[in-house]
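Asks: Structure file run28.json (JSON, C-alpha atoms) right here:
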```
[["chain", "number", "residue", "atom", "x", "y", "z"],
["W", 2, "MET", "CA", 27.22, 29.20, -46.59],
["W", 3, "THR", "CA", 29.75, 28.77, -43.78],
["W", 4, "ARG", "CA", 28.87, 30.58, -40.58],
["W", 5, "PRO", "CA", 31.64, 32.94, -39.42],
["W", 6, "ALA", "CA", 33.45, 32.41, -36.13],
["W", 7, "PRO", "CA", 33.14, 35.82, -34.47],
["W", 8, "ASP", "CA", 35.62, 37.46, -32.16],
["W", 9, "TYR", "CA", 33.27, 38.98, -29.59],
["W", 10, "SER", "CA", 36.01, 40.56, -27.45],
["W", 11, "VAL", "CA", 35.06, 44.16, -28.26],
["W", 12, "TYR", "CA", 31.50, 44.47, -29.53],
["W", 13, "LEU", "CA", 30.11, 47.90, -30.39],
["W", 14, "VAL", "CA", 26.37, 48.54, -30.01],
["W", 15, "THR", "CA", 25.50, 51.76, -31.79],
["W", 16, "ASP", "CA", 23.32, 54.65, -30.69],
["W", 17, "ALA", "CA", 22.98, 57.49, -33.21],
["W", 18, "ALA", "CA", 22.18, 60.04, -30.52],
["W", 19, "GLN", "CA", 25.36, 59.20, -28.60],
["W", 20, "CYS", "CA", 27.48, 59.14, -31.76],
["W", 21, "GLY", "CA", 26.41, 62.73, -32.38],
["W", 22, "ALA", "CA", 27.79, 64.68, -35.32],
["W", 23, "ARG", "CA", 30.45, 62.04, -35.96],
["W", 24, "GLY", "CA", 27.74, 59.67, -37.10],
["W", 25, "VAL", "CA", 27.23, 55.94, -36.73],
["W", 26, "ALA", "CA", 29.27, 54.81, -39.74],
["W", 27, "GLU", "CA", 32.34, 56.85, -38.79],
["W", 28, "THR", "CA", 32.08, 55.75, -35.15],
["W", 29, "ALA", "CA", 31.92, 52.13, -36.31],
["W", 30, "ARG", "CA", 34.91, 52.62, -38.60],
["W", 31, "LEU", "CA", 37.02, 54.10, -35.83],
["W", 32, "ALA", "CA", 35.96, 51.44, -33.32],
["W", 33, "VAL", "CA", 36.88, 48.65, -35.72],
["W", 34, "ALA", "CA", 40.22, 50.34, -36.42],
["W", 35, "GLY", "CA", 40.78, 50.23, -32.66],
["W", 36, "GLY", "CA", 39.99, 46.54, -32.29],
["W", 37, "ALA", "CA", 36.21, 46.03, -32.27],
["W", 38, "ARG", "CA", 35.24, 43.00, -34.35],
["W", 39, "VAL", "CA", 31.44, 43.05, -34.07],
["W", 40, "VAL", "CA", 29.16, 46.04, -34.66],
["W", 41, "GLN", "CA", 25.50, 45.77, -33.75],
["W", 42, "LEU", "CA", 23.31, 48.48, -35.25],
["W", 43, "ARG", "CA", 20.72, 49.25, -32.59],
["W", 44, "GLU", "CA", 18.66, 52.11, -33.93],
["W", 45, "LYS", "CA", 15.15, 51.86, -32.50],
["W", 46, "THR", "CA", 13.83, 55.14, -33.91],
["W", 47, "LEU", "CA", 14.84, 54.78, -37.55],
["W", 48, "GLY", "CA", 12.28, 53.97, -40.20],
["W", 49, "THR", "CA", 12.87, 50.93, -42.35],
["W", 50, "ARG", "CA", 14.36, 52.69, -45.38],
["W", 51, "ALA", "CA", 16.68, 54.80, -43.27],
["W", 52, "PHE", "CA", 17.77, 51.76, -41.25],
["W", 53, "VAL", "CA", 18.56, 49.76, -44.41],
["W", 54, "ALA", "CA", 20.49, 52.72, -45.81],
["W", 55, "LEU", "CA", 22.50, 53.04, -42.59],
["W", 56, "ALA", "CA", 23.25, 49.32, -42.53],
["W", 57, "ARG", "CA", 24.49, 49.43, -46.12],
["W", 58, "GLU", "CA", 26.66, 52.44, -45.31],
["W", 59, "VAL", "CA", 28.24, 50.71, -42.32],
["W", 60, "LEU", "CA", 28.79, 47.50, -44.28],
["W", 61, "ALA", "CA", 30.50, 49.49, -47.03],
["W", 62, "VAL", "CA", 32.72, 51.37, -44.58],
["W", 63, "LEU", "CA", 33.78, 48.13, -42.87],
["W", 64, "ARG", "CA", 34.22, 46.04, -46.02],
["W", 65, "GLY", "CA", 37.54, 44.21, -45.88],
["W", 66, "SER", "CA", 38.03, 44.80, -42.14],
["W", 67, "GLY", "CA", 36.86, 41.37, -41.06],
["W", 68, "ALA", "CA", 34.33, 42.91, -38.67],
["W", 69, "LEU", "CA", 30.78, 41.56, -38.56],
["W", 70, "VAL", "CA", 27.70, 43.76, -38.75],
["W", 71, "LEU", "CA", 24.60, 42.59, -36.90],
["W", 72, "ILE", "CA", 21.19, 44.23, -36.83],
["W", 73, "ASN", "CA", 19.27, 44.60, -33.60],
["W", 74, "ASP", "CA", 15.80, 43.06, -33.83],
["W", 75, "ARG", "CA", 15.06, 43.84, -37.49],
["W", 76, "VAL", "CA", 15.45, 40.67, -39.53],
["W", 77, "ASP", "CA", 13.98, 42.45, -42.55],
["W", 78, "VAL", "CA", 16.71, 45.10, -42.38],
["W", 79, "ALA", "CA", 19.41, 42.44, -42.05],
["W", 80, "LEU", "CA", 18.08, 40.65, -45.13],
["W", 81, "ALA", "CA", 17.70, 43.80, -47.21],
["W", 82, "ALA", "CA", 21.15, 45.15, -46.36],
["W", 83, "GLY", "CA", 23.03, 41.85, -46.46],
["W", 84, "ALA", "CA", 24.20, 42.04, -42.85],
["W", 85, "HIS", "CA", 25.96, 39.13, -41.18],
["W", 86, "GLY", "CA", 23.08, 38.43, -38.81],
["W", 87, "VAL", "CA", 20.84, 39.74, -36.07],
["W", 88, "HIS", "CA", 20.59, 40.14, -32.34],
["W", 89, "VAL", "CA", 17.15, 39.56, -30.87],
["W", 90, "GLY", "CA", 15.69, 40.14, -27.44],
["W", 91, "GLN", "CA", 13.14, 38.14, -25.52],
["W", 92, "GLY", "CA", 10.25, 40.11, -27.04],
["W", 93, "ASP", "CA", 11.58, 40.24, -30.59],
["W", 94, "MET", "CA", 11.21, 37.68, -33.37],
["W", 95, "HIS", "CA", 11.81, 34.15, -32.07],
["W", 96, "PRO", "CA", 15.38, 32.98, -32.78],
["W", 97, "ASP", "CA", 14.08, 29.93, -34.65],
["W", 98, "ASP", "CA", 12.17, 32.19, -37.04],
["W", 99, "ALA", "CA", 15.17, 34.47, -37.46],
["W", 100, "ARG", "CA", 17.34, 31.45, -38.26],
["W", 101, "ARG", "CA", 14.83, 30.10, -40.76],
["W", 102, "LEU", "CA", 14.66, 33.44, -42.58],
["W", 103, "LEU", "CA", 18.37, 34.26, -42.49],
["W", 104, "GLY", "CA", 19.71, 30.78, -43.13],
["W", 105, "PRO", "CA", 22.43, 28.62, -41.58],
["W", 106, "GLY", "CA", 25.27, 31.01, -42.41],
["W", 107, "ALA", "CA", 23.96, 33.93, -40.35],
["W", 108, "ILE", "CA", 24.88, 34.90, -36.81],
["W", 109, "VAL", "CA", 21.90, 34.96, -34.42],
["W", 110, "GLY", "CA", 22.43, 36.33, -30.93],
["W", 111, "LEU", "CA", 19.88, 36.28, -28.12],
["W", 112, "SER", "CA", 19.56, 38.51, -25.04],
["W", 113, "VAL", "CA", 19.11, 36.63, -21.77],
["W", 114, "GLU", "CA", 18.12, 38.42, -18.58],
["W", 115, "THR", "CA", 17.60, 35.45, -16.25],
["W", 116, "MET", "CA", 18.94, 31.95, -15.72],
["W", 117, "ALA", "CA", 15.53, 30.61, -16.74],
["W", 118, "GLN", "CA", 15.72, 32.36, -20.11],
["W", 119, "ALA", "CA", 19.20, 31.01, -20.68],
["W", 120, "GLY", "CA", 18.10, 27.50, -19.81],
["W", 121, "ALA", "CA", 15.18, 27.71, -22.22],
["W", 122, "ALA", "CA", 17.52, 28.88, -24.98],
["W", 123, "GLU", "CA", 19.96, 25.98, -24.72],
["W", 124, "GLY", "CA", 18.02, 24.01, -27.33],
["W", 125, "LEU", "CA", 17.90, 26.90, -29.83],
["W", 126, "ASP", "CA", 20.27, 27.44, -32.75],
["W", 127, "VAL", "CA", 21.78, 30.69, -31.51],
["W", 128, "ASP", "CA", 25.43, 31.66, -31.63],
["W", 129, "TYR", "CA", 25.82, 33.59, -28.38],
["W", 130, "TYR", "CA", 23.93, 35.02, -25.43],
["W", 131, "GLY", "CA", 23.88, 38.73, -24.75],
["W", 132, "VAL", "CA", 23.96, 38.85, -20.94],
["W", 133, "SER", "CA", 21.88, 41.90, -20.12],
["W", 134, "PRO", "CA", 22.53, 43.95, -18.08],
["W", 135, "VAL", "CA", 25.64, 42.98, -16.14],
["W", 136, "PHE", "CA", 25.58, 46.31, -14.31],
["W", 137, "ALA", "CA", 22.72, 48.80, -14.12],
["W", 138, "THR", "CA", 22.94, 51.44, -16.81],
["W", 139, "PRO", "CA", 20.70, 54.19, -18.22],
["W", 140, "THR", "CA", 21.31, 52.80, -21.73],
["W", 141, "LYS", "CA", 19.41, 49.60, -20.89],
["W", 142, "THR", "CA", 16.18, 50.53, -19.13],
["W", 143, "ASP", "CA", 13.90, 47.76, -20.45],
["W", 144, "THR", "CA", 15.61, 44.84, -18.74],
["W", 145, "GLY", "CA", 15.42, 42.93, -15.47],
["W", 146, "PRO", "CA", 17.75, 43.25, -12.47],
["W", 147, "ALA", "CA", 21.48, 43.41, -13.14],
["W", 148, "TRP", "CA", 23.31, 40.08, -13.24],
["W", 149, "GLY", "CA", 26.40, 41.33, -11.43],
["W", 150, "LEU", "CA", 29.67, 39.44, -11.59],
["W", 151, "GLU", "CA", 28.35, 36.56, -9.47],
["W", 152, "GLY", "CA", 25.34, 36.08, -11.72],
["W", 153, "LEU", "CA", 27.56, 36.16, -14.79],
["W", 154, "ALA", "CA", 29.79, 33.50, -13.22],
["W", 155, "ARG", "CA", 26.76, 31.28, -12.51],
["W", 156, "LEU", "CA", 25.65, 31.57, -16.12],
["W", 157, "ARG", "CA", 29.16, 30.75, -17.32],
["W", 158, "ALA", "CA", 29.04, 27.53, -15.33],
["W", 159, "ALA", "CA", 25.66, 26.63, -16.84],
["W", 160, "THR", "CA", 26.38, 27.00, -20.57],
["W", 161, "ALA", "CA", 29.09, 26.45, -23.14],
["W", 162, "ARG", "CA", 27.70, 29.20, -25.37],
["W", 163, "PRO", "CA", 29.74, 32.39, -25.84],
["W", 164, "LEU", "CA", 28.61, 35.13, -23.46],
["W", 165, "VAL", "CA", 28.66, 38.77, -24.53],
["W", 166, "ALA", "CA", 28.23, 41.02, -21.50],
["W", 167, "ILE", "CA", 26.48, 44.39, -21.81],
["W", 168, "GLY", "CA", 25.48, 47.09, -19.35],
["W", 169, "GLY", "CA", 27.74, 49.53, -17.56],
["W", 170, "ILE", "CA", 30.97, 48.10, -19.00],
["W", 171, "GLY", "CA", 34.12, 50.13, -19.62],
["W", 172, "PRO", "CA", 37.91, 49.81, -19.34],
["W", 173, "ALA", "CA", 37.82, 50.02, -15.53],
["W", 174, "ASN", "CA", 35.70, 46.87, -15.06],
["W", 175, "ALA", "CA", 36.33, 45.04, -18.35],
["W", 176, "ALA", "CA", 38.89, 42.63, -16.90],
["W", 177, "ASP", "CA", 36.59, 41.69, -14.00],
["W", 178, "VAL", "CA", 33.74, 40.97, -16.41],
["W", 179, "LEU", "CA", 35.92, 38.74, -18.56],
["W", 180, "ARG", "CA", 37.34, 36.90, -15.56],
["W", 181, "ALA", "CA", 33.78, 36.24, -14.37],
["W", 182, "GLY", "CA", 33.16, 34.32, -17.58],
["W", 183, "ALA", "CA", 32.28, 36.69, -20.41],
["W", 184, "ASP", "CA", 33.74, 36.06, -23.84],
["W", 185, "GLY", "CA", 33.03, 39.56, -25.06],
["W", 186, "LEU", "CA", 32.35, 43.12, -23.98],
["W", 187, "ALA", "CA", 29.40, 44.89, -25.60],
["W", 188, "VAL", "CA", 29.53, 48.64, -25.09],
["W", 189, "VAL", "CA", 27.49, 51.63, -26.17],
["W", 190, "SER", "CA", 28.50, 54.76, -24.27],
["W", 191, "ALA", "CA", 32.13, 53.73, -23.71],
["W", 192, "ILE", "CA", 32.74, 54.03, -27.45],
["W", 193, "CYS", "CA", 29.90, 56.13, -28.88],
["W", 194, "ARG", "CA", 30.40, 58.97, -26.38],
["W", 195, "ALA", "CA", 34.18, 58.78, -26.40],
["W", 196, "PRO", "CA", 36.11, 61.72, -27.85],
["W", 197, "ASP", "CA", 38.25, 59.14, -29.68],
["W", 198, "PRO", "CA", 36.31, 55.91, -30.42],
["W", 199, "ARG", "CA", 39.40, 54.26, -31.83],
["W", 200, "ARG", "CA", 41.33, 54.80, -28.59],
["W", 201, "ALA", "CA", 38.33, 53.69, -26.53],
["W", 202, "ALA", "CA", 38.10, 50.44, -28.50],
["W", 203, "THR", "CA", 41.86, 49.91, -28.17],
["W", 204, "ASP", "CA", 41.68, 50.39, -24.39],
["W", 205, "LEU", "CA", 38.90, 47.80, -24.17],
["W", 206, "ARG", "CA", 40.83, 45.43, -26.41],
["W", 207, "THR", "CA", 43.92, 45.82, -24.23],
["W", 208, "ALA", "CA", 41.88, 45.06, -21.11],
["W", 209, "ALA", "CA", 40.35, 42.02, -22.81],
["W", 210, "ASP", "CA", 43.70, 40.67, -23.92],
["W", 211, "ALA", "CA", 45.20, 41.22, -20.45],
["W", 212, "ALA", "CA", 42.40, 39.28, -18.77],
["W", 213, "ARG", "CA", 43.04, 36.15, -20.82]]
```
Can I see the file as structure tokens?

Replies:
Amino acid sequence: MTRPAPDYSVYLVTDAAQCGARGVAETARLAVAGGARVVQLREKTLGTRAFVALAREVLAVLRGSGALVLINDRVDVALAAGAHGVHVGQGDMHPDDARRLLGPGAIVGLSVETMAQAGAAEGLDVDYYGVSPVFATPTKTDTGPAWGLEGLARLRAATARPLVAIGGIGPANAADVLRAGADGLAVVSAICRAPDPRRAATDLRTAADAAR
């Protein structure tokens, strides 16, 4: 199976609580309509059956859009639902094990919080690094100190891997983050909490395109 070549420019990370009554699947649909091309389902409180059901719903809603659906942490959910891959953190399943289980055609992303973690990951078969967090944010409370734009630029100089920035990112700072070296903008609140997720994704996409 050929591994897809993702467009990470606008990368939605879901949060059911922030999506509210609109729901995760509808938020994802609107975000993709606005220009998001990767959706990571990050639902830490869902049981396995409910998570698989949600993943299948989102995959069905996005079928034919060209967007990729990744599962945060749960390789079993990705396998059961037929998702395009996973995103794992430093304390989750090792990327080598995720790759072995999912196969060569899957996308495997890895969170990196320090230069040391990024250096250790250079020999792994991962597709991108999630640079976490770029700015301090209440959405990401289990991470190390913020990278900032200077830290992001240092990481860009140290790796050829795609960098997906997350943490405190929105239309106002998106261009700065991309100019510092990010290949993509991962957002939670900027889309999930937006009155119009489609417009929010479009605004981020416009900022991304303008920065290139």

Asks: Do you know which residues lie at most 6 Å from (19.1, 39.1, -21.6), with coordinates as in the file and all atoms listed in the file counted, and could you write them as a PyMOL selection string?

Replies: chain W and resi 112-114+131-133

Asks: Identify, on the basis of only C-alpha atoms, every residue whose closest approach to range 82-90 of chain W does not exceed 10 Å; exclude the query and any residue fewer than 6 positions from it along the same chain; express the result as a PyMOL selection string.

Replies: chain W and resi 4-5+39+41-43+52-60+68-76+96+99-100+103-104+106-114+127-131+133+144

Asks: What is the CA of Leu186 in chain W-CA of Leu13 in chain W distance in Å, reported with one decimal?

Replies: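 CA of Leu13 in chain W lies 8.3 Å from CA of Leu186 in chain W.
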
Asks: Grab the CA of Pro134 in chain W to CA of Gly168 in chain W distance for me, in Å with one decimal place.

Replies: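 Going from CA of Pro134 in chain W over to CA of Gly168 in chain W, I get 4.5 Å.
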
Asks: Separation of CA of Leu150 in chain W and CA of Ile167 in chain W, in Å?

Replies: 11.8 Å

Asks: From the options W:Thr15, W:Ser190, W:Thr28, W:Thr115, which residue's atoms come nearest to Leu153 in chain W, counting only C-alpha atoms?

Replies: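 With only C-alpha atoms as the atom set, the closest residue is W:Thr115.
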
Asks: Do you know which residues are at most 10 Å from Ala159 in chain W counting all atoms listed in the file, after dropping those on the same chain fewer than 3 positions away, and could you put them as a PDB file with C-alpha atoms, keeping the file's coordinate frame?

Replies:
```
ATOM      1  CA  MET W 116      18.940  31.950 -15.720  1.00  0.00           C
ATOM      2  CA  ALA W 119      19.200  31.010 -20.680  1.00  0.00           C
ATOM      3  CA  GLY W 120      18.100  27.500 -19.810  1.00  0.00           C
ATOM      4  CA  GLU W 123      19.960  25.980 -24.720  1.00  0.00           C
ATOM      5  CA  LEU W 153      27.560  36.160 -14.790  1.00  0.00           C
ATOM      6  CA  ALA W 154      29.790  33.500 -13.220  1.00  0.00           C
ATOM      7  CA  ARG W 155      26.760  31.280 -12.510  1.00  0.00           C
ATOM      8  CA  LEU W 156      25.650  31.570 -16.120  1.00  0.00           C
ATOM      9  CA  ARG W 162      27.700  29.200 -25.370  1.00  0.00           C
TER      10      ARG W 162
END
```

Asks: For Val62 in chain W, which residue out of W:Arg194, W:Arg180, W:Arg30, W:Arg101 is the nearest one, using only C-alpha atoms?

Replies: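 The closest residue to Val62 in chain W is W:Arg30.
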
Asks: Pick out the closest residue to Ala18 in chain W from this set: W:Leu164, W:Cys193, W:Asp98, W:Asp77. Count all atoms listed in the file.

Replies: W:Cys193

Asks: Skip Val11 in chain W itself and residues of its chain fewer than 5 positions away, then list as a list in words all residues within 9 Å of it, counting only C-alpha atoms.

Replies: Ala32, Val33, Gly36, Ala37, Arg38, Val39, Val40, Gly185, Leu186, Ala187, Val188, Ala202, Thr203, Leu205, Arg206 and Ala209 of chain W

Asks: Is it possible to add N, CA and C atoms to range 87-120 of chain W and hand it back as a tab-separated table (two decimals), in the frame of the given file?

Replies:
```tsv
chain	number	residue	atom	x	y	z
W	87	VAL	N	21.69	38.92	-36.92
W	87	VAL	CA	20.84	39.74	-36.07
W	87	VAL	C	21.10	39.44	-34.60
W	88	HIS	N	20.67	40.38	-33.78
W	88	HIS	CA	20.59	40.14	-32.34
W	88	HIS	C	19.15	40.39	-31.93
W	89	VAL	N	18.55	39.43	-31.27
W	89	VAL	CA	17.15	39.56	-30.87
W	89	VAL	C	17.03	39.48	-29.35
W	90	GLY	N	16.00	40.18	-28.85
W	90	GLY	CA	15.69	40.14	-27.44
W	90	GLY	C	14.56	39.18	-27.17
W	91	GLN	N	14.17	39.09	-25.92
W	91	GLN	CA	13.14	38.14	-25.52
W	91	GLN	C	11.77	38.47	-26.12
W	92	GLY	N	11.53	39.73	-26.46
W	92	GLY	CA	10.25	40.11	-27.04
W	92	GLY	C	10.28	40.32	-28.53
W	93	ASP	N	11.44	40.06	-29.15
W	93	ASP	CA	11.58	40.24	-30.59
W	93	ASP	C	11.20	38.95	-31.32
W	94	MET	N	11.47	38.90	-32.61
W	94	MET	CA	11.21	37.68	-33.37
W	94	MET	C	11.91	36.48	-32.72
W	95	HIS	N	11.23	35.34	-32.69
W	95	HIS	CA	11.81	34.15	-32.07
W	95	HIS	C	13.09	33.76	-32.83
W	96	PRO	N	14.14	33.36	-32.10
W	96	PRO	CA	15.38	32.98	-32.78
W	96	PRO	C	15.21	31.91	-33.85
W	97	ASP	N	14.30	30.96	-33.63
W	97	ASP	CA	14.08	29.93	-34.65
W	97	ASP	C	13.55	30.53	-35.95
W	98	ASP	N	12.68	31.53	-35.84
W	98	ASP	CA	12.17	32.19	-37.04
W	98	ASP	C	13.25	33.03	-37.71
W	99	ALA	N	14.06	33.70	-36.90
W	99	ALA	CA	15.17	34.47	-37.46
W	99	ALA	C	16.14	33.55	-38.20
W	100	ARG	N	16.44	32.41	-37.61
W	100	ARG	CA	17.34	31.45	-38.26
W	100	ARG	C	16.75	30.93	-39.56
W	101	ARG	N	15.47	30.63	-39.55
W	101	ARG	CA	14.83	30.10	-40.76
W	101	ARG	C	14.88	31.13	-41.88
W	102	LEU	N	14.67	32.39	-41.56
W	102	LEU	CA	14.66	33.44	-42.58
W	102	LEU	C	16.07	33.78	-43.06
W	103	LEU	N	17.02	33.82	-42.15
W	103	LEU	CA	18.37	34.26	-42.49
W	103	LEU	C	19.25	33.14	-43.01
W	104	GLY	N	18.94	31.90	-42.64
W	104	GLY	CA	19.71	30.78	-43.13
W	104	GLY	C	20.82	30.34	-42.19
W	105	PRO	N	21.44	29.22	-42.49
W	105	PRO	CA	22.43	28.62	-41.58
W	105	PRO	C	23.73	29.39	-41.49
W	106	GLY	N	24.01	30.28	-42.44
W	106	GLY	CA	25.27	31.01	-42.41
W	106	GLY	C	25.25	32.28	-41.60
W	107	ALA	N	24.08	32.67	-41.09
W	107	ALA	CA	23.96	33.93	-40.35
W	107	ALA	C	24.30	33.75	-38.87
W	108	ILE	N	24.69	34.85	-38.25
W	108	ILE	CA	24.88	34.90	-36.81
W	108	ILE	C	23.55	35.34	-36.18
W	109	VAL	N	23.11	34.59	-35.17
W	109	VAL	CA	21.90	34.96	-34.42
W	109	VAL	C	22.27	34.99	-32.94
W	110	GLY	N	22.18	36.18	-32.36
W	110	GLY	CA	22.43	36.33	-30.93
W	110	GLY	C	21.13	36.56	-30.20
W	111	LEU	N	21.10	36.19	-28.93
W	111	LEU	CA	19.88	36.28	-28.12
W	111	LEU	C	20.20	36.91	-26.76
W	112	SER	N	19.43	37.93	-26.38
W	112	SER	CA	19.56	38.51	-25.04
W	112	SER	C	18.95	37.58	-24.00
W	113	VAL	N	19.65	37.39	-22.90
W	113	VAL	CA	19.11	36.63	-21.77
W	113	VAL	C	19.24	37.50	-20.52
W	114	GLU	N	18.16	37.58	-19.78
W	114	GLU	CA	18.12	38.42	-18.58
W	114	GLU	C	18.00	37.62	-17.30
W	115	THR	N	17.73	36.32	-17.42
W	115	THR	CA	17.60	35.45	-16.25
W	115	THR	C	18.19	34.07	-16.57
W	116	MET	N	18.47	33.32	-15.53
W	116	MET	CA	18.94	31.95	-15.72
W	116	MET	C	17.87	31.10	-16.41
W	117	ALA	N	16.61	31.37	-16.10
W	117	ALA	CA	15.53	30.61	-16.74
W	117	ALA	C	15.50	30.84	-18.25
W	118	GLN	N	15.69	32.08	-18.67
W	118	GLN	CA	15.72	32.36	-20.11
W	118	GLN	C	16.90	31.67	-20.78
W	119	ALA	N	18.03	31.68	-20.11
W	119	ALA	CA	19.20	31.01	-20.68
W	119	ALA	C	18.97	29.50	-20.78
W	120	GLY	N	18.37	28.94	-19.76
W	120	GLY	CA	18.10	27.50	-19.81
W	120	GLY	C	17.15	27.14	-20.93
```
